[in-house]
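As stored in my_file_0.pdb (PDB, C-alpha atoms):
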```
ATOM      1  CA  MET A 805     -37.630 -14.162 -14.627
ATOM      2  CA  ASP A 806     -34.648 -12.758 -12.682
ATOM      3  CA  LYS A 807     -35.735 -12.023  -9.121
ATOM      4  CA  ASN A 808     -32.557 -10.037  -8.504
ATOM      5  CA  ALA A 809     -33.357  -7.434 -11.105
ATOM      6  CA  GLN A 810     -33.921  -4.007  -9.542
ATOM      7  CA  ASP A 811     -36.892  -3.224 -11.758
ATOM      8  CA  LEU A 812     -38.387  -6.691 -11.723
ATOM      9  CA  HIS A 813     -41.882  -5.364 -11.080
ATOM     10  CA  ARG A 814     -41.785  -3.395 -14.329
ATOM     11  CA  SER A 815     -41.658  -6.624 -16.295
ATOM     12  CA  LEU A 816     -45.162  -7.352 -14.998
ATOM     13  CA  LEU A 817     -46.428  -4.124 -16.537
ATOM     14  CA  GLU A 818     -44.799  -4.948 -19.852
ATOM     15  CA  ASN A 819     -46.231  -8.458 -19.725
ATOM     16  CA  ASN A 820     -49.646  -6.957 -19.053
ATOM     17  CA  LYS A 821     -49.454  -4.812 -22.169
ATOM     18  CA  SER A 822     -48.562  -7.808 -24.292
ATOM     19  CA  TRP A 823     -51.296  -9.931 -22.718
ATOM     20  CA  SER A 824     -53.928  -7.236 -23.186
ATOM     21  CA  ALA A 825     -53.010  -6.781 -26.836
ATOM     22  CA  GLN A 826     -53.143 -10.526 -27.466
ATOM     23  CA  MET A 827     -56.512 -10.899 -25.750
ATOM     24  CA  ARG A 828     -57.997  -7.979 -27.690
ATOM     25  CA  GLU A 829     -56.706  -9.425 -30.942
ATOM     26  CA  GLU A 830     -58.251 -12.819 -30.199
ATOM     27  CA  ASN A 831     -61.523 -11.414 -28.844
ATOM     28  CA  PRO A 832     -62.045  -7.691 -29.537
ATOM     29  CA  GLU A 833     -65.204  -7.524 -27.384
ATOM     30  CA  LEU A 834     -63.791  -9.342 -24.339
ATOM     31  CA  PHE A 835     -62.869  -6.386 -22.153
ATOM     32  CA  THR A 836     -65.921  -4.386 -23.230
ATOM     33  CA  GLU A 837     -68.164  -7.198 -22.035
ATOM     34  CA  LEU A 838     -66.179  -7.849 -18.849
ATOM     35  CA  ALA A 839     -66.409  -4.164 -17.923
ATOM     36  CA  LYS A 840     -70.212  -4.357 -17.995
ATOM     37  CA  HIS A 841     -70.711  -7.248 -15.576
ATOM     38  CA  GLN A 842     -69.332 -10.494 -14.227
ATOM     39  CA  ASN A 843     -71.176 -13.749 -14.612
ATOM     40  CA  PRO A 844     -68.795 -16.497 -13.439
ATOM     41  CA  PHE A 845     -69.664 -20.167 -13.664
ATOM     42  CA  PHE A 846     -67.486 -21.329 -10.755
ATOM     43  CA  LEU A 847     -66.436 -20.289  -7.259
ATOM     44  CA  TRP A 848     -62.864 -21.455  -6.645
ATOM     45  CA  ILE A 849     -61.462 -21.842  -3.124
ATOM     46  CA  GLY A 850     -57.798 -22.661  -3.505
ATOM     47  CA  CYS A 851     -54.366 -22.368  -1.959
ATOM     48  CA  SER A 852     -52.345 -19.148  -2.136
ATOM     49  CA  ASP A 853     -49.376 -21.101  -3.507
ATOM     50  CA  SER A 854     -47.916 -19.260  -6.512
ATOM     51  CA  ARG A 855     -47.612 -22.528  -8.448
ATOM     52  CA  VAL A 856     -51.366 -23.116  -8.548
ATOM     53  CA  PRO A 857     -52.959 -20.343 -10.672
ATOM     54  CA  PRO A 858     -56.660 -21.256 -11.059
ATOM     55  CA  ASN A 859     -57.353 -19.859 -14.535
ATOM     56  CA  GLN A 860     -54.211 -21.262 -16.112
ATOM     57  CA  ILE A 861     -54.542 -24.803 -14.774
ATOM     58  CA  THR A 862     -58.225 -25.036 -15.741
ATOM     59  CA  GLY A 863     -57.944 -23.298 -19.102
ATOM     60  CA  THR A 864     -60.580 -20.724 -18.151
ATOM     61  CA  MET A 865     -60.870 -17.089 -19.163
ATOM     62  CA  PRO A 866     -61.222 -13.889 -17.137
ATOM     63  CA  GLY A 867     -64.797 -13.763 -15.906
ATOM     64  CA  ASP A 868     -65.243 -17.541 -15.668
ATOM     65  CA  MET A 869     -64.207 -17.907 -12.019
ATOM     66  CA  PHE A 870     -64.874 -16.074  -8.773
ATOM     67  CA  ILE A 871     -61.751 -16.823  -6.742
ATOM     68  CA  HIS A 872     -60.779 -16.979  -3.078
ATOM     69  CA  ARG A 873     -57.349 -18.193  -1.981
ATOM     70  CA  ASN A 874     -55.706 -18.776   1.381
ATOM     71  CA  ILE A 875     -52.986 -20.963   2.841
ATOM     72  CA  ALA A 876     -53.934 -24.632   2.342
ATOM     73  CA  ASN A 877     -57.395 -23.850   0.879
ATOM     74  CA  MET A 878     -59.113 -23.816   4.255
ATOM     75  CA  VAL A 879     -62.776 -23.291   5.095
ATOM     76  CA  VAL A 880     -62.781 -21.746   8.570
ATOM     77  CA  HIS A 881     -66.209 -20.850   9.919
ATOM     78  CA  THR A 882     -64.906 -17.690  11.612
ATOM     79  CA  ASP A 883     -63.197 -16.416   8.440
ATOM     80  CA  MET A 884     -65.440 -13.522   7.392
ATOM     81  CA  ASN A 885     -63.390 -12.992   4.235
ATOM     82  CA  LEU A 886     -64.158 -16.508   3.015
ATOM     83  CA  LEU A 887     -67.796 -16.374   4.113
ATOM     84  CA  SER A 888     -68.293 -13.039   2.371
ATOM     85  CA  VAL A 889     -66.887 -14.487  -0.845
ATOM     86  CA  VAL A 890     -69.157 -17.526  -0.617
ATOM     87  CA  ASP A 891     -72.165 -15.349   0.194
ATOM     88  CA  TYR A 892     -71.544 -13.054  -2.759
ATOM     89  CA  GLY A 893     -70.732 -15.906  -5.087
ATOM     90  CA  VAL A 894     -73.820 -17.924  -4.193
ATOM     91  CA  ASN A 895     -76.411 -15.223  -3.523
ATOM     92  CA  ALA A 896     -75.335 -12.324  -5.737
ATOM     93  CA  LEU A 897     -73.644 -14.093  -8.644
ATOM     94  CA  GLY A 898     -75.803 -17.209  -8.596
ATOM     95  CA  ILE A 899     -72.921 -19.673  -8.790
ATOM     96  CA  ASP A 900     -73.914 -23.330  -8.502
ATOM     97  CA  HIS A 901     -70.483 -25.011  -8.653
ATOM     98  CA  ILE A 902     -67.995 -24.454  -5.836
ATOM     99  CA  ILE A 903     -64.564 -26.046  -6.175
ATOM    100  CA  ILE A 904     -62.211 -26.515  -3.249
ATOM    101  CA  CYS A 905     -58.847 -27.341  -4.771
ATOM    102  CA  GLY A 906     -55.772 -28.316  -2.793
ATOM    103  CA  HIS A 907     -52.444 -29.408  -4.214
ATOM    104  CA  TYR A 908     -49.842 -32.037  -3.502
ATOM    105  CA  GLY A 909     -46.726 -30.556  -1.942
ATOM    106  CA  CYS A 910     -48.731 -27.926  -0.020
ATOM    107  CA  GLY A 911     -46.488 -26.075   2.437
ATOM    108  CA  GLY A 912     -49.320 -25.382   4.869
ATOM    109  CA  VAL A 913     -50.224 -29.060   5.089
ATOM    110  CA  LYS A 914     -46.548 -29.996   5.437
ATOM    111  CA  ALA A 915     -46.143 -27.528   8.298
ATOM    112  CA  ALA A 916     -49.085 -29.125  10.104
ATOM    113  CA  MET A 917     -47.279 -32.460  10.015
ATOM    114  CA  GLY A 918     -44.329 -31.036  11.946
ATOM    115  CA  ASP A 919     -43.772 -29.558  15.380
ATOM    116  CA  GLU A 920     -45.743 -26.606  16.696
ATOM    117  CA  PHE A 921     -44.203 -23.252  15.783
ATOM    118  CA  ASN A 922     -44.767 -19.545  16.425
ATOM    119  CA  GLY A 923     -46.192 -16.745  14.315
ATOM    120  CA  TYR A 924     -49.554 -15.989  12.745
ATOM    121  CA  ALA A 925     -49.315 -18.937  10.363
ATOM    122  CA  ALA A 926     -49.216 -21.309  13.333
ATOM    123  CA  ASN A 927     -52.767 -20.324  14.266
ATOM    124  CA  TRP A 928     -53.979 -21.015  10.743
ATOM    125  CA  VAL A 929     -52.164 -24.350  10.507
ATOM    126  CA  ARG A 930     -53.849 -25.326  13.767
ATOM    127  CA  ASN A 931     -56.965 -26.072  11.708
ATOM    128  CA  ILE A 932     -55.049 -28.606   9.607
ATOM    129  CA  ARG A 933     -53.738 -30.274  12.742
ATOM    130  CA  ASP A 934     -57.372 -30.974  13.600
ATOM    131  CA  VAL A 935     -57.690 -32.839  10.284
ATOM    132  CA  ILE A 936     -54.706 -34.955  11.332
ATOM    133  CA  ARG A 937     -56.364 -35.687  14.662
ATOM    134  CA  LEU A 938     -59.603 -36.756  12.978
ATOM    135  CA  HIS A 939     -57.765 -39.150  10.643
ATOM    136  CA  GLU A 940     -54.892 -40.113  12.941
ATOM    137  CA  GLN A 941     -55.402 -43.860  12.673
ATOM    138  CA  GLU A 942     -55.403 -43.895   8.873
ATOM    139  CA  LEU A 943     -52.441 -41.533   8.586
ATOM    140  CA  ASN A 944     -50.350 -43.396  11.153
ATOM    141  CA  ALA A 945     -50.859 -46.593   9.155
ATOM    142  CA  ILE A 946     -49.040 -45.061   6.164
ATOM    143  CA  ALA A 947     -45.334 -45.755   6.657
ATOM    144  CA  ASN A 948     -44.010 -43.729   3.728
ATOM    145  CA  GLU A 949     -43.815 -40.056   4.684
ATOM    146  CA  GLU A 950     -44.480 -38.705   1.174
ATOM    147  CA  GLU A 951     -47.508 -40.954   0.753
ATOM    148  CA  ARG A 952     -48.778 -39.857   4.162
ATOM    149  CA  PHE A 953     -48.245 -36.223   3.111
ATOM    150  CA  ASP A 954     -50.212 -36.754  -0.114
ATOM    151  CA  ARG A 955     -53.005 -38.484   1.765
ATOM    152  CA  LEU A 956     -53.265 -35.633   4.260
ATOM    153  CA  VAL A 957     -53.573 -33.173   1.365
ATOM    154  CA  GLU A 958     -56.535 -35.212   0.078
ATOM    155  CA  LEU A 959     -58.144 -35.584   3.495
ATOM    156  CA  ASN A 960     -57.747 -31.878   4.143
ATOM    157  CA  VAL A 961     -59.631 -31.031   0.940
ATOM    158  CA  ALA A 962     -62.384 -33.511   1.819
ATOM    159  CA  GLU A 963     -62.760 -31.989   5.287
ATOM    160  CA  GLN A 964     -62.994 -28.481   3.803
ATOM    161  CA  VAL A 965     -65.743 -29.654   1.439
ATOM    162  CA  TYR A 966     -67.536 -31.075   4.480
ATOM    163  CA  ASP A 967     -67.020 -27.879   6.478
ATOM    164  CA  LEU A 968     -68.371 -25.701   3.681
ATOM    165  CA  SER A 969     -71.434 -27.948   3.438
ATOM    166  CA  ARG A 970     -72.137 -27.233   7.129
ATOM    167  CA  THR A 971     -72.273 -23.443   6.763
ATOM    168  CA  SER A 972     -75.577 -21.671   7.208
ATOM    169  CA  LEU A 973     -75.038 -20.058   3.796
ATOM    170  CA  LEU A 974     -75.221 -23.346   1.939
ATOM    171  CA  ARG A 975     -77.845 -24.834   4.203
ATOM    172  CA  GLU A 976     -80.157 -21.905   3.461
ATOM    173  CA  ALA A 977     -79.402 -22.091  -0.275
ATOM    174  CA  TRP A 978     -80.139 -25.812  -0.431
ATOM    175  CA  ASN A 979     -83.329 -25.351   1.599
ATOM    176  CA  ALA A 980     -84.404 -22.753  -0.960
ATOM    177  CA  GLY A 981     -84.013 -25.314  -3.745
ATOM    178  CA  ARG A 982     -80.642 -24.267  -5.144
ATOM    179  CA  LYS A 983     -78.741 -27.046  -6.953
ATOM    180  CA  ILE A 984     -75.316 -26.092  -5.611
ATOM    181  CA  LYS A 985     -72.520 -28.637  -5.733
ATOM    182  CA  VAL A 986     -69.297 -28.453  -3.711
ATOM    183  CA  HIS A 987     -66.446 -30.362  -5.364
ATOM    184  CA  GLY A 988     -63.111 -31.462  -3.882
ATOM    185  CA  TRP A 989     -60.075 -31.541  -6.167
ATOM    186  CA  VAL A 990     -56.306 -31.875  -5.798
ATOM    187  CA  TYR A 991     -53.787 -30.460  -8.273
ATOM    188  CA  GLY A 992     -50.509 -32.239  -8.979
ATOM    189  CA  LEU A 993     -47.477 -29.969  -9.153
ATOM    190  CA  HIS A 994     -45.501 -32.818 -10.685
ATOM    191  CA  ASN A 995     -47.737 -33.313 -13.725
ATOM    192  CA  GLY A 996     -50.136 -30.361 -13.914
ATOM    193  CA  LEU A 997     -53.198 -32.605 -13.623
ATOM    194  CA  ILE A 998     -56.223 -32.208 -11.364
ATOM    195  CA  LYS A 999     -57.653 -35.186  -9.473
ATOM    196  CA  ASP A1000     -61.348 -35.251  -8.569
ATOM    197  CA  LEU A1001     -61.540 -36.838  -5.112
ATOM    198  CA  GLY A1002     -65.176 -37.863  -5.565
ATOM    199  CA  VAL A1003     -66.321 -36.074  -2.399
ATOM    200  CA  THR A1004     -68.873 -33.758  -4.030
ATOM    201  CA  ARG A1005     -71.716 -32.625  -1.782
ATOM    202  CA  ASP A1006     -75.004 -31.295  -3.123
ATOM    203  CA  GLN A1007     -77.215 -31.178  -0.029
ATOM    204  CA  TYR A1008     -77.151 -30.629   3.695
ATOM    205  CA  GLU A1009     -76.737 -33.908   5.539
ATOM    206  CA  LEU A1010     -77.136 -34.677   9.219
ATOM    207  CA  GLU A1011     -74.163 -36.999   9.596
ATOM    208  CA  GLN A1012     -71.517 -36.212  12.165
ATOM    209  CA  GLY A1013     -67.821 -37.000  12.419
ATOM    210  CA  SER A1014     -65.024 -37.124   9.875
ATOM    211  CA  VAL A1015     -65.245 -37.736   6.148
ATOM    212  CA  SER A1016     -63.867 -40.468   3.938
ATOM    213  CA  VAL A1017     -62.060 -40.224   0.637
ATOM    214  CA  GLY A1018     -61.901 -43.137  -1.768
TER     215      GLY A1018
END
```
Rewritten as structure tokens:
Amino acid sequence: MDKNAQDLHRSLLENNKSWSAQMREENPELFTELAKHQNPFFLWIGCSDSRVPPNQITGTMPGDMFIHRNIANMVVHTDMNLLSVVDYGVNALGIDHIIICGHYGCGGVKAAMGDEFNGYAANWVRNIRDVIRLHEQELNAIANEEERFDRLVELNVAEQVYDLSRTSLLREAWNAGRKIKVHGWVYGLHNGLIKDLGVTRDQYELEQGSVSVG
């Protein structure tokens, strides 16, 4: 796709027509059913990075995922946008599987590894710097910068899974007997594969401090 083309945006409309026709040919009732209701199986909290499109990398269809994205797939307890999505997904849509998916090569995580900077993004990245502080000893022991970067991506996802498990929304749902699971995944830009970090949480726990990732 040529980004210098004056009417670049029009190609999206043409692509949409082709996509719609293909989808209707493969499943004539798809859009009729989607227009009636949504009944997604998963709530996806992912990074805004354009290279990590949730439906494409998981092979899911429209209607399968309720999606929230922000820089570096963060769970910030003062983010009413995120909390509203989780509330609606859990309490209105009845979703029992929440996936927090980061990705190797994440620009937000990389920025947190560098010097402080200005702008709105700096305030958001501040949350990732706290992850670095919590795991400073482990990260400092990794001599190779790229390996340290990859490890921070994983630790950041694990901490977001932990943070989501501490919200009142999930605590109340678990207390009510819901079988909700919060999974932590990382997507590889270099191979298109998703890694399950094995940090799934399915109940409220009283432990304090940082998390560990195998």
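Using all atoms listed in the file, the smallest distance between any of A:Leu886, A:Tyr1008, A:Gly996, A:Arg828 and A:Gln860 comes from A:Gly996.
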Written as an MDAnalysis selection string, which residues does the PyMOL selection byres ((chain A and resi 978) around 12) give for the file shown?
chainID A and resid 894:895 900 969:977 979:986 1005:1009
Which residue out of A:Glu818, A:Glu940, A:Asp883, A:Glu950 has the minimum interatomic distance to A:Tyr908 when only C-alpha atoms are used?
A:Glu950
Minimum-distance residue to A:Lys914, chosen among A:Met869, A:Val880, A:Val929, A:Leu834 (using only C-alpha atoms)
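The answer is A:Val929, which sits nearest to A:Lys914.
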Which residues, named as in the file, does the PyMOL selection byres ((chain A and resi 876) around 7) pick out? Answer as a list in words.
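Against this file, the PyMOL selection byres ((chain A and resi 876) around 7) returns the residues Cys851, Asn874, Ile875, Asn877, Met878, Gly906, Cys910, Gly912 and Val913 of chain A.
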Take the residues that were just selected and, keeping C-alpha atoms, output them as an mmCIF file, in the frame of the given file.
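Saved result, out-v5.cif, follows:
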```cif
data_model
loop_
_atom_site.group_PDB
_atom_site.id
_atom_site.type_symbol
_atom_site.label_atom_id
_atom_site.label_comp_id
_atom_site.auth_asym_id
_atom_site.auth_seq_id
_atom_site.Cartn_x
_atom_site.Cartn_y
_atom_site.Cartn_z
ATOM 1 C CA CYS A 851 -54.366 -22.368 -1.959
ATOM 2 C CA ASN A 874 -55.706 -18.776 1.381
ATOM 3 C CA ILE A 875 -52.986 -20.963 2.841
ATOM 4 C CA ASN A 877 -57.395 -23.850 0.879
ATOM 5 C CA MET A 878 -59.113 -23.816 4.255
ATOM 6 C CA GLY A 906 -55.772 -28.316 -2.793
ATOM 7 C CA CYS A 910 -48.731 -27.926 -0.020
ATOM 8 C CA GLY A 912 -49.320 -25.382 4.869
ATOM 9 C CA VAL A 913 -50.224 -29.060 5.089
#
```
Would you mind reading off the distance between atom CA of A:Ser824 and atom CA of A:Gly867, one decimal, in Å?
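Separation between atom CA of A:Ser824 and atom CA of A:Gly867: 14.6 Å.
For A:Val889, the residues within 9 Å (counting all atoms listed in the file, excluding itself and residues fewer than 4 positions away along the chain) are Leu847, Phe870, Ile871, His872, Met884, Asn885, Gly893 and Val894 of chain A.
If only C-alpha atoms are the atoms counted, then among A:Leu938, A:Leu812, A:Leu838, A:Cys905 the closest residue to A:Ser852 is A:Cys905.
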How big is the axis-aligned box around all listed atoms of stretch 970-987 of chain A once 5 Å goes on each side, and where's its centre, in Å to one decimal, as AutoDock Vina command-line options?
```
--center_x -75.4 --center_y -25.2 --center_z 0.1 --size_x 28.0 --size_y 20.3 --size_z 24.2
```
Specify as number ranges by chain each residue included when the PyMOL selection byres ((chain A and resi 907) around 12) is applied to this file.
A: 849-858, 861, 875-877, 904-906, 908-914, 953-961, 988-1001
Please compute the atom CA of A:Val1017-atom CA of A:Val1003 distance, one decimal, in Å.
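For atom CA of A:Val1017 relative to atom CA of A:Val1003, the distance reads 6.7 Å.
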May I ask which of the residues A:Glu920, A:Leu1010, A:Ala926, A:Pro844 is the closest one to A:Asn859, counting all atoms listed in the file?
A:Pro844
Atom CA of A:Gln842 and atom CA of A:Glu830, how far apart in Å?
19.6 Å
Can you pull stretch 932-969 of chain A out of that block with N, CA and C atoms and hand it back as a PDB file, in the first residue's frame?
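Produced file out.pdb, reproduced below:
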```pdb
ATOM      1  N   ILE A 932       5.028   1.629  32.981  1.00  0.00           N
ATOM      2  CA  ILE A 932       5.944   0.541  32.615  1.00  0.00           C
ATOM      3  C   ILE A 932       7.256   0.691  33.372  1.00  0.00           C
ATOM      4  N   ARG A 933       7.652   1.910  33.636  1.00  0.00           N
ATOM      5  CA  ARG A 933       8.870   2.123  34.423  1.00  0.00           C
ATOM      6  C   ARG A 933       8.715   1.517  35.820  1.00  0.00           C
ATOM      7  N   ASP A 934       7.497   1.487  36.324  1.00  0.00           N
ATOM      8  CA  ASP A 934       7.268   0.851  37.625  1.00  0.00           C
ATOM      9  C   ASP A 934       7.494  -0.660  37.534  1.00  0.00           C
ATOM     10  N   VAL A 935       7.167  -1.251  36.385  1.00  0.00           N
ATOM     11  CA  VAL A 935       7.434  -2.681  36.185  1.00  0.00           C
ATOM     12  C   VAL A 935       8.941  -2.922  36.220  1.00  0.00           C
ATOM     13  N   ILE A 936       9.699  -2.028  35.600  1.00  0.00           N
ATOM     14  CA  ILE A 936      11.159  -2.140  35.619  1.00  0.00           C
ATOM     15  C   ILE A 936      11.675  -2.067  37.051  1.00  0.00           C
ATOM     16  N   ARG A 937      11.125  -1.146  37.826  1.00  0.00           N
ATOM     17  CA  ARG A 937      11.562  -0.994  39.211  1.00  0.00           C
ATOM     18  C   ARG A 937      11.271  -2.260  40.022  1.00  0.00           C
ATOM     19  N   LEU A 938      10.109  -2.859  39.804  1.00  0.00           N
ATOM     20  CA  LEU A 938       9.748  -4.060  40.544  1.00  0.00           C
ATOM     21  C   LEU A 938      10.655  -5.247  40.214  1.00  0.00           C
ATOM     22  N   HIS A 939      11.151  -5.286  38.983  1.00  0.00           N
ATOM     23  CA  HIS A 939      11.961  -6.423  38.524  1.00  0.00           C
ATOM     24  C   HIS A 939      13.385  -5.987  38.180  1.00  0.00           C
ATOM     25  N   GLU A 940      13.853  -4.954  38.832  1.00  0.00           N
ATOM     26  CA  GLU A 940      15.155  -4.358  38.507  1.00  0.00           C
ATOM     27  C   GLU A 940      16.298  -5.357  38.619  1.00  0.00           C
ATOM     28  N   GLN A 941      16.293  -6.150  39.665  1.00  0.00           N
ATOM     29  CA  GLN A 941      17.403  -7.086  39.875  1.00  0.00           C
ATOM     30  C   GLN A 941      17.475  -8.106  38.749  1.00  0.00           C
ATOM     31  N   GLU A 942      16.348  -8.682  38.376  1.00  0.00           N
ATOM     32  CA  GLU A 942      16.339  -9.674  37.305  1.00  0.00           C
ATOM     33  C   GLU A 942      16.738  -9.050  35.973  1.00  0.00           C
ATOM     34  N   LEU A 943      16.210  -7.881  35.674  1.00  0.00           N
ATOM     35  CA  LEU A 943      16.493  -7.236  34.395  1.00  0.00           C
ATOM     36  C   LEU A 943      17.949  -6.806  34.294  1.00  0.00           C
ATOM     37  N   ASN A 944      18.500  -6.290  35.385  1.00  0.00           N
ATOM     38  CA  ASN A 944      19.897  -5.859  35.367  1.00  0.00           C
ATOM     39  C   ASN A 944      20.861  -7.023  35.187  1.00  0.00           C
ATOM     40  N   ALA A 945      20.409  -8.225  35.513  1.00  0.00           N
ATOM     41  CA  ALA A 945      21.262  -9.409  35.380  1.00  0.00           C
ATOM     42  C   ALA A 945      21.330  -9.921  33.949  1.00  0.00           C
ATOM     43  N   ILE A 946      20.503  -9.359  33.063  1.00  0.00           N
ATOM     44  CA  ILE A 946      20.492  -9.762  31.654  1.00  0.00           C
ATOM     45  C   ILE A 946      21.385  -8.816  30.867  1.00  0.00           C
ATOM     46  N   ALA A 947      22.527  -9.287  30.427  1.00  0.00           N
ATOM     47  CA  ALA A 947      23.515  -8.423  29.775  1.00  0.00           C
ATOM     48  C   ALA A 947      23.085  -7.997  28.375  1.00  0.00           C
ATOM     49  N   ASN A 948      22.490  -8.912  27.632  1.00  0.00           N
ATOM     50  CA  ASN A 948      22.094  -8.617  26.256  1.00  0.00           C
ATOM     51  C   ASN A 948      20.865  -7.717  26.247  1.00  0.00           C
ATOM     52  N   GLU A 949      20.972  -6.581  25.560  1.00  0.00           N
ATOM     53  CA  GLU A 949      19.891  -5.594  25.587  1.00  0.00           C
ATOM     54  C   GLU A 949      18.600  -6.116  24.966  1.00  0.00           C
ATOM     55  N   GLU A 950      18.697  -6.847  23.857  1.00  0.00           N
ATOM     56  CA  GLU A 950      17.500  -7.375  23.202  1.00  0.00           C
ATOM     57  C   GLU A 950      16.816  -8.418  24.073  1.00  0.00           C
ATOM     58  N   GLU A 951      17.602  -9.249  24.737  1.00  0.00           N
ATOM     59  CA  GLU A 951      17.020 -10.246  25.638  1.00  0.00           C
ATOM     60  C   GLU A 951      16.359  -9.566  26.834  1.00  0.00           C
ATOM     61  N   ARG A 952      16.980  -8.502  27.323  1.00  0.00           N
ATOM     62  CA  ARG A 952      16.401  -7.750  28.434  1.00  0.00           C
ATOM     63  C   ARG A 952      15.086  -7.089  27.999  1.00  0.00           C
ATOM     64  N   PHE A 953      15.061  -6.570  26.781  1.00  0.00           N
ATOM     65  CA  PHE A 953      13.869  -5.975  26.191  1.00  0.00           C
ATOM     66  C   PHE A 953      12.740  -7.005  26.111  1.00  0.00           C
ATOM     67  N   ASP A 954      13.054  -8.188  25.578  1.00  0.00           N
ATOM     68  CA  ASP A 954      12.052  -9.250  25.466  1.00  0.00           C
ATOM     69  C   ASP A 954      11.523  -9.658  26.836  1.00  0.00           C
ATOM     70  N   ARG A 955      12.434  -9.745  27.798  1.00  0.00           N
ATOM     71  CA  ARG A 955      12.015 -10.151  29.142  1.00  0.00           C
ATOM     72  C   ARG A 955      11.103  -9.104  29.775  1.00  0.00           C
ATOM     73  N   LEU A 956      11.395  -7.834  29.540  1.00  0.00           N
ATOM     74  CA  LEU A 956      10.542  -6.780  30.085  1.00  0.00           C
ATOM     75  C   LEU A 956       9.150  -6.831  29.465  1.00  0.00           C
ATOM     76  N   VAL A 957       9.080  -7.146  28.170  1.00  0.00           N
ATOM     77  CA  VAL A 957       7.771  -7.314  27.523  1.00  0.00           C
ATOM     78  C   VAL A 957       6.968  -8.391  28.256  1.00  0.00           C
ATOM     79  N   GLU A 958       7.619  -9.517  28.561  1.00  0.00           N
ATOM     80  CA  GLU A 958       6.936 -10.612  29.258  1.00  0.00           C
ATOM     81  C   GLU A 958       6.532 -10.209  30.669  1.00  0.00           C
ATOM     82  N   LEU A 959       7.438  -9.580  31.388  1.00  0.00           N
ATOM     83  CA  LEU A 959       7.142  -9.163  32.759  1.00  0.00           C
ATOM     84  C   LEU A 959       6.027  -8.127  32.794  1.00  0.00           C
ATOM     85  N   ASN A 960       6.008  -7.255  31.794  1.00  0.00           N
ATOM     86  CA  ASN A 960       4.958  -6.247  31.738  1.00  0.00           C
ATOM     87  C   ASN A 960       3.585  -6.902  31.578  1.00  0.00           C
ATOM     88  N   VAL A 961       3.495  -7.898  30.697  1.00  0.00           N
ATOM     89  CA  VAL A 961       2.225  -8.611  30.526  1.00  0.00           C
ATOM     90  C   VAL A 961       1.820  -9.278  31.839  1.00  0.00           C
ATOM     91  N   ALA A 962       2.758  -9.950  32.483  1.00  0.00           N
ATOM     92  CA  ALA A 962       2.459 -10.643  33.739  1.00  0.00           C
ATOM     93  C   ALA A 962       1.959  -9.671  34.800  1.00  0.00           C
ATOM     94  N   GLU A 963       2.560  -8.491  34.866  1.00  0.00           N
ATOM     95  CA  GLU A 963       2.131  -7.492  35.850  1.00  0.00           C
ATOM     96  C   GLU A 963       0.732  -6.966  35.516  1.00  0.00           C
ATOM     97  N   GLN A 964       0.404  -6.857  34.235  1.00  0.00           N
ATOM     98  CA  GLN A 964      -0.931  -6.387  33.858  1.00  0.00           C
ATOM     99  C   GLN A 964      -1.989  -7.432  34.191  1.00  0.00           C
ATOM    100  N   VAL A 965      -1.646  -8.714  34.020  1.00  0.00           N
ATOM    101  CA  VAL A 965      -2.549  -9.787  34.441  1.00  0.00           C
ATOM    102  C   VAL A 965      -2.794  -9.682  35.948  1.00  0.00           C
ATOM    103  N   TYR A 966      -1.723  -9.480  36.692  1.00  0.00           N
ATOM    104  CA  TYR A 966      -1.827  -9.321  38.148  1.00  0.00           C
ATOM    105  C   TYR A 966      -2.690  -8.113  38.486  1.00  0.00           C
ATOM    106  N   ASP A 967      -2.435  -6.988  37.833  1.00  0.00           N
ATOM    107  CA  ASP A 967      -3.187  -5.768  38.131  1.00  0.00           C
ATOM    108  C   ASP A 967      -4.667  -5.931  37.836  1.00  0.00           C
ATOM    109  N   LEU A 968      -4.989  -6.605  36.732  1.00  0.00           N
ATOM    110  CA  LEU A 968      -6.403  -6.817  36.413  1.00  0.00           C
ATOM    111  C   LEU A 968      -7.059  -7.709  37.466  1.00  0.00           C
ATOM    112  N   SER A 969      -6.306  -8.677  37.981  1.00  0.00           N
ATOM    113  CA  SER A 969      -6.856  -9.580  38.992  1.00  0.00           C
ATOM    114  C   SER A 969      -7.118  -8.875  40.318  1.00  0.00           C
TER     115      SER A 969
END
```
